[in-house]
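Coordinates as given in query38.txt (compact mmCIF, C-alpha atoms and all ligand atoms):
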# COMPACT_ATOMS: atom_id res chain seq x y z
CA MET A 1 -54.84 -27.60 31.02
CA GLU A 2 -56.82 -27.36 27.83
CA VAL A 3 -60.09 -29.30 27.95
CA VAL A 4 -61.58 -30.28 24.60
CA ILE A 5 -64.93 -32.06 24.55
CA LEU A 6 -65.69 -33.85 21.31
CA ARG A 7 -68.49 -36.04 20.02
CA ASP A 8 -66.76 -39.40 19.98
CA ALA A 9 -63.52 -41.36 19.87
CA LYS A 10 -63.21 -40.84 16.12
CA GLU A 11 -63.17 -37.05 16.43
CA ILE A 12 -60.69 -37.34 19.30
CA GLY A 13 -58.48 -39.64 17.22
CA SER A 14 -58.50 -37.22 14.36
CA LEU A 15 -57.59 -34.16 16.46
CA ALA A 16 -54.79 -36.03 18.24
CA ALA A 17 -53.50 -37.33 14.89
CA ASP A 18 -53.41 -33.72 13.62
CA ALA A 19 -51.19 -32.76 16.57
CA ILE A 20 -48.91 -35.76 16.03
CA GLY A 21 -48.76 -35.06 12.28
CA SER A 22 -47.80 -31.47 12.82
CA LEU A 23 -45.14 -32.48 15.38
CA LEU A 24 -43.63 -34.95 12.88
CA GLU A 25 -43.61 -32.27 10.17
CA ARG A 26 -41.66 -29.94 12.45
CA LYS A 27 -39.53 -32.72 13.89
CA PRO A 28 -39.44 -35.99 11.90
CA ALA A 29 -37.26 -37.63 14.57
CA ALA A 30 -39.74 -36.82 17.35
CA VAL A 31 -40.09 -39.05 20.39
CA LEU A 32 -43.63 -40.27 21.08
CA GLY A 33 -44.90 -41.61 24.39
CA LEU A 34 -47.34 -44.45 23.74
CA ALA A 35 -50.15 -45.65 26.00
CA THR A 36 -51.90 -48.99 25.70
CA GLY A 37 -55.52 -49.66 26.71
CA SER A 38 -58.68 -48.77 24.81
CA SER A 39 -58.61 -44.97 25.08
CA PRO A 40 -55.92 -44.29 22.43
CA LEU A 41 -57.10 -46.91 19.91
CA ALA A 42 -58.89 -44.37 17.71
CA ILE A 43 -55.69 -42.29 17.59
CA TYR A 44 -53.67 -45.32 16.45
CA ASP A 45 -56.32 -46.24 13.86
CA GLU A 46 -56.27 -42.71 12.47
CA LEU A 47 -52.46 -42.61 12.37
CA ALA A 48 -52.35 -45.99 10.61
CA ALA A 49 -54.90 -44.74 8.05
CA ARG A 50 -52.88 -41.58 7.43
CA TYR A 51 -49.73 -43.66 7.04
CA SER A 52 -51.48 -45.91 4.49
CA ALA A 53 -52.49 -42.78 2.59
CA SER A 54 -48.83 -41.58 2.67
CA LEU A 55 -49.81 -38.56 4.76
CA ILE A 56 -47.51 -39.29 7.68
CA SER A 57 -44.33 -41.23 8.36
CA PHE A 58 -42.70 -42.51 11.56
CA ARG A 59 -39.49 -43.59 9.78
CA GLN A 60 -37.27 -41.34 11.89
CA ALA A 61 -39.44 -41.23 14.99
CA ARG A 62 -38.98 -43.14 18.22
CA GLY A 63 -41.44 -44.35 20.82
CA PHE A 64 -41.53 -45.29 24.49
CA THR A 65 -44.41 -47.16 26.06
CA LEU A 66 -45.65 -46.24 29.52
CA ASP A 67 -45.77 -49.53 31.31
CA GLU A 68 -45.58 -53.32 31.23
CA TYR A 69 -47.01 -56.14 33.30
CA VAL A 70 -44.46 -58.01 35.39
CA GLY A 71 -44.11 -61.71 34.85
CA LEU A 72 -46.37 -62.37 31.86
CA PRO A 73 -44.69 -64.95 29.61
CA ALA A 74 -42.80 -63.48 26.65
CA ASP A 75 -45.40 -64.72 24.15
CA HIS A 76 -48.49 -63.66 26.15
CA PRO A 77 -50.79 -61.61 23.88
CA GLU A 78 -51.58 -59.11 26.67
CA ARG A 79 -47.99 -58.09 27.26
CA TYR A 80 -48.13 -54.36 26.55
CA TRP A 81 -45.19 -54.66 24.24
CA LYS A 82 -47.18 -57.10 22.08
CA VAL A 83 -50.35 -55.03 22.32
CA ILE A 84 -48.75 -51.77 21.18
CA ASP A 85 -47.02 -53.62 18.35
CA LYS A 86 -50.34 -55.03 17.18
CA VAL A 87 -52.51 -51.92 17.55
CA PHE A 88 -49.99 -49.38 16.26
CA VAL A 89 -46.29 -50.03 15.72
CA SER A 90 -46.59 -52.84 13.15
CA ARG A 91 -49.16 -50.82 11.16
CA VAL A 92 -46.80 -47.92 10.43
CA ASP A 93 -43.16 -47.51 9.43
CA PHE A 94 -41.16 -47.19 12.65
CA ALA A 95 -37.59 -48.44 12.17
CA SER A 96 -36.90 -51.74 13.86
CA GLY A 97 -36.06 -51.19 17.55
CA ALA A 98 -37.35 -47.61 17.50
CA VAL A 99 -40.10 -48.34 20.02
CA GLU A 100 -39.09 -49.50 23.48
CA GLY A 101 -40.93 -50.53 26.63
CA PRO A 102 -39.95 -51.32 30.21
CA ASP A 103 -38.70 -54.91 30.58
CA GLY A 104 -41.34 -56.72 32.64
CA LEU A 105 -39.31 -59.93 32.46
CA ALA A 106 -36.08 -58.45 33.84
CA VAL A 107 -34.37 -60.38 36.61
CA ASP A 108 -32.96 -57.17 38.08
CA ILE A 109 -36.06 -54.96 38.17
CA PRO A 110 -34.46 -51.81 39.67
CA ALA A 111 -31.70 -51.95 37.03
CA ALA A 112 -34.28 -52.36 34.24
CA CYS A 113 -36.19 -49.30 35.56
CA THR A 114 -33.03 -47.17 35.67
CA ALA A 115 -32.09 -48.35 32.17
CA TYR A 116 -35.52 -47.28 30.91
CA GLU A 117 -35.24 -43.81 32.43
CA ASN A 118 -31.79 -43.49 30.85
CA ALA A 119 -33.05 -44.61 27.44
CA ILE A 120 -35.79 -41.94 27.47
CA ARG A 121 -33.29 -39.29 28.54
CA GLU A 122 -30.73 -40.33 25.91
CA ALA A 123 -33.41 -40.13 23.22
CA GLY A 124 -33.88 -36.48 24.17
CA GLY A 125 -37.07 -36.92 26.21
CA VAL A 126 -40.64 -37.43 25.06
CA ASP A 127 -42.04 -34.75 22.74
CA LEU A 128 -45.65 -35.88 22.86
CA GLN A 129 -47.09 -38.29 25.39
CA ILE A 130 -50.41 -40.03 24.78
CA LEU A 131 -52.19 -40.98 28.02
CA GLY A 132 -55.36 -42.70 29.14
CA ILE A 133 -56.67 -42.42 32.69
CA GLY A 134 -57.84 -45.15 35.04
CA THR A 135 -61.21 -45.01 36.81
CA ASP A 136 -59.18 -44.61 40.02
CA GLY A 137 -57.26 -41.65 38.56
CA HIS A 138 -54.07 -43.48 37.63
CA ILE A 139 -51.95 -42.44 34.68
CA ALA A 140 -49.63 -45.10 33.34
CA PHE A 141 -49.83 -47.44 36.36
CA ASN A 142 -49.22 -44.78 38.98
CA GLU A 143 -51.95 -45.95 41.27
CA PRO A 144 -53.48 -43.82 44.07
CA GLY A 145 -50.82 -43.10 46.68
CA SER A 146 -48.03 -42.89 44.11
CA SER A 147 -45.34 -40.36 44.85
CA LEU A 148 -45.82 -37.26 42.74
CA ALA A 149 -42.03 -37.31 42.23
CA SER A 150 -41.87 -40.97 41.17
CA ARG A 151 -39.70 -42.37 38.38
CA THR A 152 -39.95 -45.70 36.54
CA ARG A 153 -40.40 -48.48 39.11
CA ILE A 154 -42.42 -51.55 40.05
CA LYS A 155 -45.97 -50.93 41.30
CA THR A 156 -48.70 -53.13 42.72
CA LEU A 157 -51.92 -52.83 40.72
CA THR A 158 -55.05 -51.94 42.68
CA ARG A 159 -57.92 -54.38 42.76
CA GLN A 160 -59.97 -51.80 40.83
CA THR A 161 -57.41 -51.71 38.01
CA ARG A 162 -57.30 -55.51 37.90
CA ILE A 163 -61.11 -55.59 37.71
CA ASP A 164 -61.05 -52.94 34.95
CA ASN A 165 -58.43 -54.88 32.97
CA ALA A 166 -59.97 -58.33 33.45
CA ARG A 167 -61.83 -57.73 30.17
CA PHE A 168 -58.51 -58.28 28.38
CA PHE A 169 -57.97 -61.57 30.28
CA GLY A 170 -61.21 -63.38 29.48
CA GLY A 171 -63.01 -61.61 32.34
CA ASP A 172 -60.88 -63.41 34.94
CA ILE A 173 -59.41 -60.98 37.48
CA GLU A 174 -57.08 -63.68 38.85
CA SER A 175 -55.35 -63.85 35.43
CA VAL A 176 -54.52 -60.13 35.55
CA PRO A 177 -50.97 -59.71 36.89
CA THR A 178 -50.61 -58.10 40.30
CA HIS A 179 -47.54 -56.00 39.42
CA CYS A 180 -46.24 -53.84 36.63
CA LEU A 181 -43.32 -51.61 35.72
CA THR A 182 -44.45 -48.10 35.05
CA GLN A 183 -43.00 -44.73 34.17
CA GLY A 184 -43.31 -42.51 37.22
CA LEU A 185 -45.31 -39.31 37.53
CA ALA A 186 -42.11 -37.25 37.36
CA THR A 187 -41.09 -39.15 34.23
CA ILE A 188 -44.40 -38.35 32.54
CA MET A 189 -44.23 -34.71 33.67
CA GLU A 190 -41.05 -34.29 31.60
CA ALA A 191 -42.90 -34.92 28.33
CA ARG A 192 -43.23 -31.66 26.40
CA HIS A 193 -46.88 -32.09 25.45
CA VAL A 194 -49.33 -34.49 27.06
CA ILE A 195 -52.53 -35.56 25.29
CA LEU A 196 -54.83 -37.40 27.69
CA VAL A 197 -57.88 -39.22 26.31
CA ALA A 198 -60.88 -40.18 28.45
CA LEU A 199 -63.99 -41.85 27.09
CA GLY A 200 -67.18 -42.91 28.79
CA ARG A 201 -69.05 -42.36 32.02
CA SER A 202 -66.80 -44.63 34.06
CA LYS A 203 -64.03 -42.02 33.67
CA ALA A 204 -66.13 -39.00 34.71
CA GLU A 205 -65.10 -38.96 38.37
CA ALA A 206 -61.40 -39.32 37.55
CA VAL A 207 -61.71 -36.58 34.91
CA HIS A 208 -63.41 -34.28 37.40
CA HIS A 209 -60.47 -34.70 39.79
CA LEU A 210 -57.91 -34.43 36.98
CA VAL A 211 -59.23 -31.07 35.79
CA GLU A 212 -60.87 -29.47 38.80
CA GLY A 213 -59.79 -31.39 41.90
CA ALA A 214 -57.03 -30.70 44.41
CA VAL A 215 -53.59 -31.98 43.42
CA SER A 216 -53.12 -35.12 45.46
CA SER A 217 -51.44 -38.49 45.24
CA LEU A 218 -54.90 -39.97 45.91
CA TRP A 219 -55.80 -38.96 42.33
CA PRO A 220 -52.38 -39.25 40.66
CA ALA A 221 -53.48 -37.70 37.35
CA THR A 222 -53.99 -34.37 39.17
CA ILE A 223 -50.21 -33.81 39.00
CA LEU A 224 -50.87 -32.84 35.37
CA GLN A 225 -52.35 -29.55 36.63
CA HIS A 226 -48.70 -28.56 37.18
CA HIS A 227 -47.74 -29.33 33.57
CA PRO A 228 -47.56 -26.37 31.17
CA HIS A 229 -48.99 -28.16 28.11
CA VAL A 230 -51.69 -30.75 28.70
CA THR A 231 -54.63 -31.33 26.37
CA ALA A 232 -57.48 -33.41 27.79
CA LEU A 233 -59.59 -34.87 24.98
CA LEU A 234 -62.95 -36.03 26.36
CA ASP A 235 -66.25 -37.33 25.09
CA ASP A 236 -69.48 -35.96 26.59
CA ALA A 237 -69.85 -38.87 29.01
CA ALA A 238 -66.34 -38.47 30.44
CA ALA A 239 -66.91 -34.70 30.77
CA HIS A 240 -70.32 -34.86 32.41
CA ARG A 241 -69.11 -34.17 35.97
CA LEU A 242 -67.05 -31.10 35.08
CA GLN A 243 -68.27 -28.01 36.88
CA LEU A 244 -67.01 -25.58 34.24
CA VAL A 245 -68.05 -27.67 31.25
CA ASP A 246 -69.78 -24.78 29.42
CA TYR A 247 -66.70 -22.61 29.82
CA TYR A 248 -64.43 -25.32 28.37
CA ARG A 249 -66.76 -25.80 25.40
CA GLU A 250 -66.96 -22.05 24.73
CA THR A 251 -63.19 -21.63 25.05
CA TYR A 252 -62.51 -24.33 22.49
CA ARG A 253 -65.27 -23.09 20.13
CA SER A 254 -63.80 -19.61 20.08
CA LYS A 255 -60.19 -20.74 19.64
CA PRO A 256 -58.53 -19.61 16.41
CA GLU A 257 -58.16 -22.56 14.03
CA TRP A 258 -54.44 -21.95 13.47
CA GLN A 259 -53.68 -22.51 17.11
CA GLY A 260 -53.99 -26.32 17.17
CA ILE A 261 -53.87 -28.11 20.51
C1 LIG A 301 -51.92 -48.18 29.71
C2 LIG A 301 -51.95 -47.29 30.85
C3 LIG A 301 -53.17 -47.09 31.68
C4 LIG A 301 -54.43 -46.87 30.85
C5 LIG A 301 -55.62 -46.70 31.76
C6 LIG A 301 -56.90 -46.53 30.99
O1 LIG A 301 -50.63 -48.17 29.13
O2 LIG A 301 -50.94 -46.74 31.15
O3 LIG A 301 -52.98 -45.98 32.50
O4 LIG A 301 -54.26 -45.74 30.04
O5 LIG A 301 -55.74 -47.82 32.58
O6 LIG A 301 -57.17 -47.70 30.26
P1 LIG A 301 -58.27 -47.73 29.12
O7 LIG A 301 -57.84 -46.77 28.08
O8 LIG A 301 -58.26 -49.14 28.63
O9 LIG A 301 -59.54 -47.34 29.78
Would you kindly transcribe this structure into structure tokens?
Amino acid sequence: MEVVILRDAKEIGSLAADAIGSLLERKPAAVLGLATGSSPLAIYDELAARYSASLISFRQARGFTLDEYVGLPADHPERYWKVIDKVFVSRVDFASGAVEGPDGLAVDIPAACTAYENAIREAGGVDLQILGIGTDGHIAFNEPGSSLASRTRIKTLTRQTRIDNARFFGGDIESVPTHCLTQGLATIMEARHVILVALGRSKAEAVHHLVEGAVSSLWPATILQHHPHVTALLDDAAAHRLQLVDYYRETYRSKPEWQGI
């Protein structure tokens, strides 16, 4: 896993946008994996700015979101489908229908999960997956205890995740849904490149486990240690519990510029 520690979200957004831009140059019909939440917002802002400046286009690209709350009404502003549309998809030039998400309103949930796995596979798999990380070490909504071999399925959100996400629901934890559909850990592991963003002190413990801890379903993000191409983009606060922090900084400083992430 490559660990890159940068000054702030803006620098992180810019570096991730470089990687996405270079992917789209090589492969205009690339498949992007899109996370919601606050961590990737600077990436989406940077991509939208580059699109406005005609520096990047998503016209042939496709996208798959990671997860969706179960049971939120179709017009609820916090449905992840609506959120990703607002913060990213509607600001660039994806073709209509090119970005899909799991169907949190499906009557037949297992069938909707299988259909989602099939859709990702039929699109050729995810080329570049953007991820955040929960304070409890979840990626997508694979909460602690998730099978490391899991595929898209329904999960119960932990109380910690509902507390963390209450800020999007007027601070009221009871308004945060209890369940979600989420890509599994095995689904995410099939992405060709994973860019994980973590910002702030509240993520430091999860980041420590992600990078330096034992692989365990108790800290689901640790499965990424088995992935051949993961880039963890961190600010100083998120990196502050890393034991080998000086080594990671030195490694990135001495990396040839042409190498990218
Ligand atoms: C969102 C998702 C979650 C978030 C995580 C961190 O689609 O899958 O795993 O990435 O909860 O959320 P933020 O970035 O808001 O701290």
- Message: Taking all atoms listed in the file into account, name the residue in A:Val3, A:Ala166, A:Ala214, A:Ala115 that is nearest to A:Gln183.
- Response: A:Ala115
- Excluding A:Ala238 and residues on its chain fewer than 6 positions from it, collect all residues at most 6 Å away from it, counting all atoms listed in the file, and give them as a count of residues only. 5
- Query: Using only C-alpha atoms, which residues sit within 10 Å of A:Val211 once same-chain residues fewer than 6 positions away are excluded, as a PyMOL selection string?
  - Reply: chain A and resi 1-3+221-225+232+239+242-244
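Of the listed residues (A:Arg241, A:Arg151, A:Lys86, A:His76), A:Arg151 comes nearest to A:Asn118; the distances count all atoms listed in the file.
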- Task: Please provide as a ChimeraX atom specification all residues within 12 Å of A:Cys180, with the sequence filter that same-chain residues fewer than 5 positions apart are discarded (counting all atoms listed in the file).
- Result: /A:66-72,79-80,101-106,109,113,140-143,152-158,161-162
- All residues within 6 Å of ligand LIG 301 (chain A) are required, counting only C-alpha atoms and all ligand atoms; please report them as a VMD selection string. chain A and resid 35 to 39 66 to 67 131 to 134 138 to 141
- Hey, which of A:Ile130, A:Ile20, A:Leu41, A:Val83 ends up closest to A:Ser57? Count all atoms listed in the file.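 That would be A:Ile20, the residue with the smallest distance to A:Ser57.
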- Find, counting all atoms listed in the file, the residue in A:Ala48, A:Leu6, A:Val99, A:Leu185 that gets nearest to A:Ala237.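 Of A:Ala48, A:Leu6, A:Val99, A:Leu185, the one nearest A:Ala237 is A:Leu6, counting all atoms listed in the file.
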- Rank nothing, just name the residue among A:Val215, A:Leu196, A:Glu78, A:His227 nearest to A:Asn165, using only C-alpha atoms.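 Ranking A:Val215, A:Leu196, A:Glu78, A:His227 by distance to A:Asn165, first place goes to A:Glu78.
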- Task: List every protein, DNA or RNA residue that has an atom no more than 12 Å from (-64.0, -38.8, 19.2) in the file's coordinate frame, counting only C-alpha atoms, and report them as JSON, numbers by chain.
- Result: {"A": [4, 5, 6, 7, 8, 9, 10, 11, 12, 13, 14, 15, 16, 17, 39, 40, 41, 42, 43, 45, 46, 197, 198, 199, 200, 233, 234, 235, 236, 237, 238]}
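Interatomic distance, atom CA of A:Phe168 against atom CA of A:Ile188: 24.8 Å.
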- Message: Taking all atoms listed in the file into account, name the residue in A:Pro228, A:Pro77, A:Pro256, A:Gly97 that is nearest to A:Phe169.
- Response: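 Between A:Pro228, A:Pro77, A:Pro256, A:Gly97, the residue approaching A:Phe169 most closely is A:Pro77.
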